[in-house]
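Peer 1: I'd like to ask you about the structure that follows.
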Amino acid sequence: MKFVKVRNGNYDIYFDLDSGTKIRKNDEDCFIPEKPESMDIKITNMCDKGCPFCHEASTKDGKHGDIMNAKFLETLLPYTELAIGGGNPLEHPDLIPFLEKCKALKLIPNMTVNQVHFMQNIDLIKELVDNKLIYGLGISLVIPSKEFINLVKQFPNAVIHMINGVHKYEDYKKLYNNNLKILILGYKEFRRGNDYYKKHICTTEEIKTDIAEHLKEITEHFAVVSFDNLALFQLNVKGLLTDEEWNEFFMGKDGTHTMFIDLVNNTFSTSSTTPVEERQVLLDDIKPMFDWVRNHQATI
């Protein structure tokens, strides 16, 4: 591993650009950041998939964000991780210039796309990876086919996204034993996600229960299994770990080291689950935005 190092508040961050491994280190009892280590950035609300559980309610007529004039990017620490999503970020006409700007600023862009868009744009995505315009690649699972699995294997930093309550235990089993990385996301009852949940509450809860019951087994069949904070809560992941393991692996509540920025609506908040009415107007400097976020940390 070849780590880069950056100082953030009272601690150092060591980051391996190849594997994505991140280590925090200091000689104190806690880590107090000055700026975010990572953030989710929504750059568009355009997407033609129309997933019924989409918590962003993206549509084929969704708006793009003015991403080239996002001045706060220039105030981020080098090697800040950006989780770029939408909508379908591949639809944004300024995606490549935006990624080139991030690269010039020594930021670490990662991008999440739907499985269908991944398979349709495989050559473009390879180009983005080869040119180090993106590092991590998140792929939202639709169908765990053999063709899909073979394509994912071509991207060492690809992570398959699974939604708790949507993807069934059988979907996980079809991905087993392929040295794959997965991220389990908590089910978000927002926008279309709320409508879908109300219509399919029994099925959704049954899937959640089934995944929770098989979670230990699931973790044994992938190279890496990670969770967002909502999934940690919904699946009670802490119950599978010792206190020592939890303290080693848990990266903190939403808002301690992370935040969410919506460049479509020019707002920021603790996370994408923050109600719209509680989100704040985007500023040009990350410091006052992150100060607000740290004072409004999530309970999960």
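Residue numbering restarts at 1 in every chain; chains get A, B, ... in the order shown in the structure tokens, and ligands count up from 1 in that same order.
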Using only C-alpha atoms, determine which residues lie at most 6 Å from segment 154-169 of chain A, disregarding the query and same-chain residues fewer than 2 positions distant; provide the list as a list in words.
Peer 2: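 Surrounding residues, per the criterion: Gly136, Leu137, Gly138, Ile139, Ser140, Leu141, Leu151, Val152, Asp171, Tyr172, Lys181, Ile182, Leu183, Ile184, Leu185, Gly186, Tyr187, Thr204, Ile207, Lys208 and Ile211 of chain A.
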Peer 1: At most 12 Å is the cut-off: for each residue in segment 240-264 of chain A with any atom that close to an atom of segment 277-284 of chain A, write down the nearest atom pair and the distance in Å rounded to one decimal, counting only C-alpha atoms, chain first then increasing number, as JSON lines.
Peer 2:
```
{"residue": "A:Met259", "atom": "CA", "partner": "A:Arg279", "partner_atom": "CA", "distance": 11.3}
{"residue": "A:Phe260", "atom": "CA", "partner": "A:Arg279", "partner_atom": "CA", "distance": 9.6}
{"residue": "A:Ile261", "atom": "CA", "partner": "A:Leu282", "partner_atom": "CA", "distance": 7.8}
{"residue": "A:Asp262", "atom": "CA", "partner": "A:Leu282", "partner_atom": "CA", "distance": 8.4}
{"residue": "A:Leu263", "atom": "CA", "partner": "A:Leu282", "partner_atom": "CA", "distance": 8.3}
{"residue": "A:Val264", "atom": "CA", "partner": "A:Leu282", "partner_atom": "CA", "distance": 10.7}
```
Peer 1: If you keep N, CA and C atoms, can you produce a file of those selected residues as a PDB file, in the first residue's frame?
Peer 2:
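Done, and the output landed in again_37.pdb:
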```pdb
ATOM      1  N   MET A 259     -20.811  14.687   5.125  1.00  0.00           N
ATOM      2  CA  MET A 259     -21.963  15.561   4.910  1.00  0.00           C
ATOM      3  C   MET A 259     -22.548  15.291   3.524  1.00  0.00           C
ATOM      4  N   PHE A 260     -23.653  15.947   3.227  1.00  0.00           N
ATOM      5  CA  PHE A 260     -24.352  15.772   1.953  1.00  0.00           C
ATOM      6  C   PHE A 260     -24.529  17.120   1.277  1.00  0.00           C
ATOM      7  N   ILE A 261     -24.250  17.151  -0.037  1.00  0.00           N
ATOM      8  CA  ILE A 261     -24.443  18.372  -0.811  1.00  0.00           C
ATOM      9  C   ILE A 261     -25.294  18.062  -2.034  1.00  0.00           C
ATOM     10  N   ASP A 262     -26.327  18.850  -2.227  1.00  0.00           N
ATOM     11  CA  ASP A 262     -27.231  18.713  -3.366  1.00  0.00           C
ATOM     12  C   ASP A 262     -26.971  19.886  -4.310  1.00  0.00           C
ATOM     13  N   LEU A 263     -26.252  19.622  -5.407  1.00  0.00           N
ATOM     14  CA  LEU A 263     -25.929  20.682  -6.354  1.00  0.00           C
ATOM     15  C   LEU A 263     -27.063  20.951  -7.330  1.00  0.00           C
ATOM     16  N   VAL A 264     -28.111  20.143  -7.284  1.00  0.00           N
ATOM     17  CA  VAL A 264     -29.298  20.417  -8.105  1.00  0.00           C
ATOM     18  C   VAL A 264     -30.106  21.540  -7.475  1.00  0.00           C
TER      19      VAL A 264
END
```
Peer 1: As a ChimeraX atom specification, please: every residue in segment 61-202 of chain A that a backbone DSSP assignment puts in alpha helix (DSSP H).
Peer 2: /A:95-104,115-120,122-130,146-152,169-175,192-199,201-202
Peer 1: DSSP on the backbone: which residues in segment 226-272 of chain A end up as strand (DSSP E)? Give the answer as JSON, numbers by chain.
Peer 2: {"A": [226, 227, 258, 259, 260, 261, 262, 267, 268, 269]}
Peer 1: Which distance in Å separates atom CA of Glu213 of chain A and atom CA of Ser272 of chain A, to one decimal?
Peer 2: 27.4 Å
Peer 1: Skip Lys188 of chain A itself and residues of its chain fewer than 6 positions away, then list as a VMD selection string all residues within 9 Å of it, counting only C-alpha atoms.
Peer 2: chain A and resid 53 to 55 194 230 273
Peer 1: Which residues are near Lys35 of chain A? Cut-off 8 Å, only C-alpha atoms, ignore same chain within fewer than 2 positions. Put them as number ranges by chain.
Peer 2: A: 8-9, 33, 37, 76-77, 257, 286-287, 290
Peer 1: Take the residues that were just selected and, keeping N, CA and C atoms, output them as a compact mmCIF listing (two decimals), in the first residue's frame.
Peer 2:
```
# COMPACT_ATOMS: atom_id res chain seq x y z
N ASN A 8 -6.18 16.85 9.39
CA ASN A 8 -7.56 17.34 9.48
C ASN A 8 -7.90 17.58 10.95
N GLY A 9 -7.86 18.83 11.36
CA GLY A 9 -8.14 19.12 12.77
C GLY A 9 -7.03 18.59 13.65
N PRO A 33 -12.45 16.71 13.51
CA PRO A 33 -12.10 17.21 12.17
C PRO A 33 -12.38 18.70 12.02
N GLU A 37 -14.12 14.60 5.79
CA GLU A 37 -13.26 13.64 5.11
C GLU A 37 -13.89 13.19 3.80
N LEU A 76 -11.92 22.50 -0.03
CA LEU A 76 -11.82 21.18 0.59
C LEU A 76 -10.36 20.80 0.83
N LEU A 77 -10.15 19.92 1.79
CA LEU A 77 -8.83 19.36 1.99
C LEU A 77 -8.46 18.47 0.81
N HIS A 257 -17.90 13.17 10.34
CA HIS A 257 -16.79 13.32 9.39
C HIS A 257 -17.30 13.47 7.95
N ILE A 286 -16.40 25.54 2.57
CA ILE A 286 -16.83 24.31 3.24
C ILE A 286 -16.82 24.43 4.75
N LYS A 287 -15.95 25.28 5.31
CA LYS A 287 -15.79 25.32 6.77
C LYS A 287 -17.08 25.68 7.49
N PHE A 290 -19.60 22.81 7.18
CA PHE A 290 -19.30 21.63 7.99
C PHE A 290 -19.48 21.91 9.47
```
Peer 1: Go ahead and compute the interatomic distance for atom CA of Glu91 of chain A and atom CA of Ile134 of chain A, in Å to one decimal.
Peer 2: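 One can read the atom CA of Glu91 of chain A to atom CA of Ile134 of chain A distance as 15.7 Å.
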